[in-house]
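Trainee: A single structure is presented below for examination.
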Amino acid sequence: MKFLAAAAFCLSCAVFAVAAQVVMVLREAQPSSQNPRLKILSGGKLQPGAILAVFNADGEQKLSLKADSHGMATLPDLPPGRYCVTASTSPTLRADLCLQIADGHARKPGAFSMEFIVQPPPPPTFQERLEAVEKAPIGLRTHAFSGTVRDPAGAVIPRASVAVYRQGAGDTAHPLKTTADQQGHFSASLAPGKYTAVFESPGFETQFLTFEISPDAVQEDLNVKLNIGAIA
């Protein structure tokens, strides 16, 4: 596994977003002397203050450094071998370069340019998704929490995982957890209040549902639909 991870890391670099999918463009490591000079660019303009991270052939980060006020950085002495350098100024701007560092110092160290490529924004974390859902209006009011998990065609999804978070409790690390039965049915005893339920099942997208348990509400069995997940 270590070898495969290292090989994938050293060969990969430029990343493009195409139809919401990530496409990797393979790049060979370029031969370099010790102490190569790196020029960090975006649209042909130097990028001062860019943050650089240097990884070895095993994918381990060996050092980090910052481009100077002219958008230039010089790597310190490194043991001979293969390295990949990543430069960034934000989560959506990144440049990558792989180098094969030789032993010994050249009279004139190598010089390389790293051009920023726009990256797709990182997907929201689970916590961010949960917080966004809880800011939306409550989806429904019901007397008790029970229902059935189904796929888009209406067939039941057995053994789906259900996690229930009480809104405003401030404790997202310890939700109430339960599992739907073989018929896709789920239920849990909840005190009156506002909640967010998270439904998950392998092969399906995660579904968030906000609701309020109220003693004077009409009992409504929930039909929770999970959409088919993307195939990796």
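Quick note on naming: the chains in the structure tokens go A, B, ... in the order shown, residues restart at 1 in each chain, and ligands are numbered from 1 in order of appearance.
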As JSON, numbers by chain, please: every residue in segment 34-195 of chain A that a backbone DSSP assignment puts in helix (DSSP H, G or I).

Mentor: {"A": [126, 127, 128, 129, 130, 131, 132, 133, 134, 135]}

Trainee: List every residue of segment 90-132 of chain A that DSSP, applied to the backbone of this structure, assigns to strand (DSSP E), and report them as a list in words.

Mentor: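 Those in segment 90-132 of chain A that DSSP calls strand (DSSP E) are Ser90, Leu93, Arg94, Ala95, Asp96, Leu97, Cys98, Leu99, Gln100, Ile101, Ala111, Phe112, Ser113, Met114, Glu115, Ile117 and Val118 of chain A.
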
Trainee: Write the residues of the preceding selection, restricted to N, CA and C atoms, as a PDB file, in the first residue's frame.

Mentor:
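Done, and the output landed in part_24.pdb:
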```pdb
ATOM      1  N   SER A  90      -4.772  29.654  -1.552  1.00  0.00           N
ATOM      2  CA  SER A  90      -6.141  29.459  -1.073  1.00  0.00           C
ATOM      3  C   SER A  90      -6.549  28.038  -1.437  1.00  0.00           C
ATOM      4  N   LEU A  93      -6.741  27.641  -5.324  1.00  0.00           N
ATOM      5  CA  LEU A  93      -5.602  27.923  -6.198  1.00  0.00           C
ATOM      6  C   LEU A  93      -4.432  27.049  -5.774  1.00  0.00           C
ATOM      7  N   ARG A  94      -3.923  26.239  -6.709  1.00  0.00           N
ATOM      8  CA  ARG A  94      -2.829  25.330  -6.371  1.00  0.00           C
ATOM      9  C   ARG A  94      -1.945  25.094  -7.578  1.00  0.00           C
ATOM     10  N   ALA A  95      -0.653  24.901  -7.304  1.00  0.00           N
ATOM     11  CA  ALA A  95       0.307  24.527  -8.343  1.00  0.00           C
ATOM     12  C   ALA A  95       1.123  23.359  -7.819  1.00  0.00           C
ATOM     13  N   ASP A  96       1.518  22.448  -8.720  1.00  0.00           N
ATOM     14  CA  ASP A  96       2.249  21.248  -8.332  1.00  0.00           C
ATOM     15  C   ASP A  96       3.454  21.056  -9.235  1.00  0.00           C
ATOM     16  N   LEU A  97       4.501  20.499  -8.664  1.00  0.00           N
ATOM     17  CA  LEU A  97       5.719  20.227  -9.419  1.00  0.00           C
ATOM     18  C   LEU A  97       6.428  19.042  -8.784  1.00  0.00           C
ATOM     19  N   CYS A  98       6.857  18.089  -9.601  1.00  0.00           N
ATOM     20  CA  CYS A  98       7.630  16.961  -9.109  1.00  0.00           C
ATOM     21  C   CYS A  98       9.061  17.069  -9.630  1.00  0.00           C
ATOM     22  N   LEU A  99      10.038  16.851  -8.737  1.00  0.00           N
ATOM     23  CA  LEU A  99      11.453  16.993  -9.070  1.00  0.00           C
ATOM     24  C   LEU A  99      12.223  15.751  -8.666  1.00  0.00           C
ATOM     25  N   GLN A 100      13.221  15.416  -9.464  1.00  0.00           N
ATOM     26  CA  GLN A 100      14.177  14.368  -9.126  1.00  0.00           C
ATOM     27  C   GLN A 100      15.461  15.077  -8.721  1.00  0.00           C
ATOM     28  N   ILE A 101      15.684  15.200  -7.408  1.00  0.00           N
ATOM     29  CA  ILE A 101      16.839  15.938  -6.901  1.00  0.00           C
ATOM     30  C   ILE A 101      18.093  15.066  -6.995  1.00  0.00           C
ATOM     31  N   ALA A 111      16.087  26.210 -12.177  1.00  0.00           N
ATOM     32  CA  ALA A 111      14.991  27.148 -11.954  1.00  0.00           C
ATOM     33  C   ALA A 111      13.728  26.579 -12.593  1.00  0.00           C
ATOM     34  N   PHE A 112      12.627  26.634 -11.866  1.00  0.00           N
ATOM     35  CA  PHE A 112      11.369  26.056 -12.336  1.00  0.00           C
ATOM     36  C   PHE A 112      10.226  27.026 -12.036  1.00  0.00           C
ATOM     37  N   SER A 113       9.233  27.020 -12.905  1.00  0.00           N
ATOM     38  CA  SER A 113       8.035  27.831 -12.695  1.00  0.00           C
ATOM     39  C   SER A 113       6.880  26.933 -12.273  1.00  0.00           C
ATOM     40  N   MET A 114       6.065  27.434 -11.347  1.00  0.00           N
ATOM     41  CA  MET A 114       4.863  26.732 -10.905  1.00  0.00           C
ATOM     42  C   MET A 114       3.676  27.659 -11.141  1.00  0.00           C
ATOM     43  N   GLU A 115       2.799  27.266 -12.063  1.00  0.00           N
ATOM     44  CA  GLU A 115       1.648  28.096 -12.432  1.00  0.00           C
ATOM     45  C   GLU A 115       0.406  27.600 -11.712  1.00  0.00           C
ATOM     46  N   ILE A 117      -3.303  26.682 -10.838  1.00  0.00           N
ATOM     47  CA  ILE A 117      -4.480  26.190 -11.545  1.00  0.00           C
ATOM     48  C   ILE A 117      -5.665  26.303 -10.596  1.00  0.00           C
ATOM     49  N   VAL A 118      -6.789  26.790 -11.099  1.00  0.00           N
ATOM     50  CA  VAL A 118      -7.991  26.914 -10.261  1.00  0.00           C
ATOM     51  C   VAL A 118      -8.521  25.531  -9.936  1.00  0.00           C
TER      52      VAL A 118
END
```

Trainee: Would you please work out which residue, of A:Ala73, A:Leu65, A:Leu52, A:Ala173, is nearest to Lys39 of chain A when using only C-alpha atoms?

Mentor: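 Ranking A:Ala73, A:Leu65, A:Leu52, A:Ala173 by distance to Lys39 of chain A, first place goes to A:Ala73.
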
Trainee: Quick one: residues within 12 Å of Lys62 of chain A, only C-alpha atoms counted, chain neighbours fewer than 5 positions away excluded, as a ChimeraX atom specification?

Mentor: /A:52-57,75-79,82-86

Trainee: With a distance cut-off of 12 Å and only C-alpha atoms, select the neighbouring residues of Asp221 of chain A, excluding the residue or stretch itself and same-chain residues fewer than 2 positions from it, and output the selection as a list in words.

Mentor: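 Non-adjacent residues within range: Leu140, Arg141, Thr142, His143, Ala144, Phe145, Ser146, Gly147, Thr148, Val149, His185, Phe186, Ser187, Phe211, Val218, Gln219, Asn223 and Val224 of chain A.
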
Trainee: Would you save the residues from that selection as a PDB file, in the first residue's frame, using C-alpha atoms?

Mentor:
```
ATOM      1  CA  LEU A 140     -42.286  18.986   9.558  1.00  0.00           C
ATOM      2  CA  ARG A 141     -43.937  18.556  12.945  1.00  0.00           C
ATOM      3  CA  THR A 142     -44.888  15.125  14.191  1.00  0.00           C
ATOM      4  CA  HIS A 143     -45.953  13.414  17.397  1.00  0.00           C
ATOM      5  CA  ALA A 144     -43.252  10.720  17.224  1.00  0.00           C
ATOM      6  CA  PHE A 145     -40.195   9.863  15.173  1.00  0.00           C
ATOM      7  CA  SER A 146     -40.883   6.851  12.970  1.00  0.00           C
ATOM      8  CA  GLY A 147     -41.039   6.015   9.290  1.00  0.00           C
ATOM      9  CA  THR A 148     -39.511   4.085   6.396  1.00  0.00           C
ATOM     10  CA  VAL A 149     -36.372   4.562   4.320  1.00  0.00           C
ATOM     11  CA  HIS A 185     -38.660   0.876   9.172  1.00  0.00           C
ATOM     12  CA  PHE A 186     -37.082   3.047  11.859  1.00  0.00           C
ATOM     13  CA  SER A 187     -38.236   4.666  15.082  1.00  0.00           C
ATOM     14  CA  PHE A 211     -38.283  17.922  12.188  1.00  0.00           C
ATOM     15  CA  VAL A 218     -50.508  14.766  14.313  1.00  0.00           C
ATOM     16  CA  GLN A 219     -48.562  11.524  14.052  1.00  0.00           C
ATOM     17  CA  ASN A 223     -41.080   8.426   4.089  1.00  0.00           C
ATOM     18  CA  VAL A 224     -37.384   9.186   3.678  1.00  0.00           C
TER      19      VAL A 224
END
```

Trainee: Excluding segment 175-180 of chain A and its own-chain neighbours fewer than 3 positions away, which residues fall within 10 Å of it when counting only C-alpha atoms? Please give them as JSON, numbers by chain.

Mentor: {"A": [146, 147, 148, 149, 156, 157, 158, 159, 160, 161, 162, 163, 164, 165, 166, 171, 172, 183, 184, 185, 186, 187, 188, 189, 190, 196, 197, 198, 199, 200]}

Trainee: Write the selection just made, keeping N, CA and C atoms, as a PDB file, in the first residue's frame?

Mentor:
```pdb
ATOM      1  N   SER A 146     -40.850   8.191  13.558  1.00  0.00           N
ATOM      2  CA  SER A 146     -40.883   6.851  12.970  1.00  0.00           C
ATOM      3  C   SER A 146     -41.195   6.973  11.491  1.00  0.00           C
ATOM      4  N   GLY A 147     -40.783   5.974  10.714  1.00  0.00           N
ATOM      5  CA  GLY A 147     -41.039   6.015   9.290  1.00  0.00           C
ATOM      6  C   GLY A 147     -40.306   4.913   8.562  1.00  0.00           C
ATOM      7  N   THR A 148     -40.125   5.098   7.246  1.00  0.00           N
ATOM      8  CA  THR A 148     -39.511   4.085   6.396  1.00  0.00           C
ATOM      9  C   THR A 148     -38.517   4.748   5.447  1.00  0.00           C
ATOM     10  N   VAL A 149     -37.392   4.085   5.253  1.00  0.00           N
ATOM     11  CA  VAL A 149     -36.372   4.562   4.320  1.00  0.00           C
ATOM     12  C   VAL A 149     -36.564   3.846   2.991  1.00  0.00           C
ATOM     13  N   VAL A 156     -38.059  -0.382  -0.265  1.00  0.00           N
ATOM     14  CA  VAL A 156     -37.481  -0.126   1.048  1.00  0.00           C
ATOM     15  C   VAL A 156     -35.976  -0.380   1.023  1.00  0.00           C
ATOM     16  N   ILE A 157     -35.258   0.349   1.853  1.00  0.00           N
ATOM     17  CA  ILE A 157     -33.817   0.160   2.019  1.00  0.00           C
ATOM     18  C   ILE A 157     -33.589  -0.432   3.402  1.00  0.00           C
ATOM     19  N   PRO A 158     -33.233  -1.704   3.487  1.00  0.00           N
ATOM     20  CA  PRO A 158     -33.039  -2.324   4.800  1.00  0.00           C
ATOM     21  C   PRO A 158     -31.754  -1.864   5.466  1.00  0.00           C
ATOM     22  N   ARG A 159     -31.793  -1.832   6.788  1.00  0.00           N
ATOM     23  CA  ARG A 159     -30.605  -1.620   7.627  1.00  0.00           C
ATOM     24  C   ARG A 159     -29.914  -0.271   7.394  1.00  0.00           C
ATOM     25  N   ALA A 160     -30.672   0.744   6.988  1.00  0.00           N
ATOM     26  CA  ALA A 160     -30.089   2.085   6.853  1.00  0.00           C
ATOM     27  C   ALA A 160     -29.720   2.625   8.232  1.00  0.00           C
ATOM     28  N   SER A 161     -28.637   3.386   8.303  1.00  0.00           N
ATOM     29  CA  SER A 161     -28.197   3.985   9.561  1.00  0.00           C
ATOM     30  C   SER A 161     -28.901   5.326   9.762  1.00  0.00           C
ATOM     31  N   VAL A 162     -29.321   5.578  11.002  1.00  0.00           N
ATOM     32  CA  VAL A 162     -30.012   6.822  11.332  1.00  0.00           C
ATOM     33  C   VAL A 162     -29.336   7.435  12.550  1.00  0.00           C
ATOM     34  N   ALA A 163     -28.922   8.693  12.422  1.00  0.00           N
ATOM     35  CA  ALA A 163     -28.340   9.435  13.546  1.00  0.00           C
ATOM     36  C   ALA A 163     -29.185  10.679  13.761  1.00  0.00           C
ATOM     37  N   VAL A 164     -29.590  10.925  15.010  1.00  0.00           N
ATOM     38  CA  VAL A 164     -30.487  12.039  15.323  1.00  0.00           C
ATOM     39  C   VAL A 164     -29.761  13.028  16.227  1.00  0.00           C
ATOM     40  N   TYR A 165     -29.718  14.298  15.788  1.00  0.00           N
ATOM     41  CA  TYR A 165     -29.050  15.367  16.533  1.00  0.00           C
ATOM     42  C   TYR A 165     -30.101  16.350  17.034  1.00  0.00           C
ATOM     43  N   ARG A 166     -30.071  16.650  18.315  1.00  0.00           N
ATOM     44  CA  ARG A 166     -31.003  17.651  18.842  1.00  0.00           C
ATOM     45  C   ARG A 166     -30.465  19.037  18.534  1.00  0.00           C
ATOM     46  N   ASP A 171     -23.916  19.475  21.034  1.00  0.00           N
ATOM     47  CA  ASP A 171     -23.132  18.238  21.113  1.00  0.00           C
ATOM     48  C   ASP A 171     -23.404  17.412  19.864  1.00  0.00           C
ATOM     49  N   THR A 172     -22.547  17.564  18.863  1.00  0.00           N
ATOM     50  CA  THR A 172     -22.716  16.797  17.634  1.00  0.00           C
ATOM     51  C   THR A 172     -21.898  15.518  17.644  1.00  0.00           C
ATOM     52  N   GLN A 183     -37.272  -4.208   6.809  1.00  0.00           N
ATOM     53  CA  GLN A 183     -38.335  -3.604   6.014  1.00  0.00           C
ATOM     54  C   GLN A 183     -38.137  -2.098   5.845  1.00  0.00           C
ATOM     55  N   GLY A 184     -36.968  -1.612   6.258  1.00  0.00           N
ATOM     56  CA  GLY A 184     -36.671  -0.193   6.116  1.00  0.00           C
ATOM     57  C   GLY A 184     -37.307   0.688   7.171  1.00  0.00           C
ATOM     58  N   HIS A 185     -37.954   0.075   8.166  1.00  0.00           N
ATOM     59  CA  HIS A 185     -38.660   0.876   9.172  1.00  0.00           C
ATOM     60  C   HIS A 185     -37.711   1.303  10.282  1.00  0.00           C
ATOM     61  N   PHE A 186     -37.891   2.524  10.757  1.00  0.00           N
ATOM     62  CA  PHE A 186     -37.082   3.047  11.859  1.00  0.00           C
ATOM     63  C   PHE A 186     -37.977   3.774  12.852  1.00  0.00           C
ATOM     64  N   SER A 187     -37.527   3.881  14.069  1.00  0.00           N
ATOM     65  CA  SER A 187     -38.236   4.666  15.082  1.00  0.00           C
ATOM     66  C   SER A 187     -37.285   4.927  16.239  1.00  0.00           C
ATOM     67  N   ALA A 188     -37.570   5.967  16.978  1.00  0.00           N
ATOM     68  CA  ALA A 188     -36.777   6.297  18.162  1.00  0.00           C
ATOM     69  C   ALA A 188     -37.642   7.138  19.082  1.00  0.00           C
ATOM     70  N   SER A 189     -37.474   6.945  20.379  1.00  0.00           N
ATOM     71  CA  SER A 189     -38.221   7.713  21.373  1.00  0.00           C
ATOM     72  C   SER A 189     -37.483   9.016  21.638  1.00  0.00           C
ATOM     73  N   LEU A 190     -38.127  10.133  21.310  1.00  0.00           N
ATOM     74  CA  LEU A 190     -37.505  11.441  21.447  1.00  0.00           C
ATOM     75  C   LEU A 190     -38.382  12.373  22.276  1.00  0.00           C
ATOM     76  N   THR A 196     -32.437  17.157  13.908  1.00  0.00           N
ATOM     77  CA  THR A 196     -31.992  16.856  12.545  1.00  0.00           C
ATOM     78  C   THR A 196     -31.608  15.383  12.500  1.00  0.00           C
ATOM     79  N   ALA A 197     -32.217  14.645  11.581  1.00  0.00           N
ATOM     80  CA  ALA A 197     -31.895  13.226  11.410  1.00  0.00           C
ATOM     81  C   ALA A 197     -31.047  13.063  10.148  1.00  0.00           C
ATOM     82  N   VAL A 198     -30.051  12.202  10.238  1.00  0.00           N
ATOM     83  CA  VAL A 198     -29.148  11.939   9.118  1.00  0.00           C
ATOM     84  C   VAL A 198     -29.270  10.460   8.758  1.00  0.00           C
ATOM     85  N   PHE A 199     -29.648  10.183   7.494  1.00  0.00           N
ATOM     86  CA  PHE A 199     -29.865   8.823   7.027  1.00  0.00           C
ATOM     87  C   PHE A 199     -28.751   8.435   6.055  1.00  0.00           C
ATOM     88  N   GLU A 200     -28.176   7.253   6.252  1.00  0.00           N
ATOM     89  CA  GLU A 200     -27.093   6.782   5.402  1.00  0.00           C
ATOM     90  C   GLU A 200     -27.254   5.295   5.107  1.00  0.00           C
TER      91      GLU A 200
END
```

Trainee: Grab the atom CA of Leu209 of chain A to atom CA of Gly139 of chain A distance for me, in Å with one decimal place.

Mentor: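 Between atom CA of Leu209 of chain A and atom CA of Gly139 of chain A the gap is 7.0 Å.
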
Trainee: So that I can see what lies close to Ser42 of chain A, please list as an MDAnalysis selection string the residues with an atom at most 7 Å from it, counting only C-alpha atoms and leaving out residues fewer than 3 positions away in the same chain.

Mentor: chainID A and resid 45:47 115:116

Trainee: Once you have the residues from the selection above, write them out as a compact mmCIF listing (two decimals), in the first residue's frame, restricted to N, CA and C atoms.

Mentor:
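Once everything was written out, this is part.txt:
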```
# COMPACT_ATOMS: atom_id res chain seq x y z
N LYS A 45 1.63 36.19 -13.42
CA LYS A 45 2.07 37.17 -12.44
C LYS A 45 2.63 36.46 -11.21
N LEU A 46 3.72 36.98 -10.67
CA LEU A 46 4.34 36.39 -9.49
C LEU A 46 3.40 36.47 -8.29
N GLN A 47 3.44 35.43 -7.45
CA GLN A 47 2.55 35.32 -6.31
C GLN A 47 3.35 35.34 -5.00
N GLU A 115 2.80 27.27 -12.06
CA GLU A 115 1.65 28.10 -12.43
C GLU A 115 0.41 27.60 -11.71
N PHE A 116 -0.27 28.52 -11.02
CA PHE A 116 -1.49 28.14 -10.30
C PHE A 116 -2.58 27.70 -11.26
```
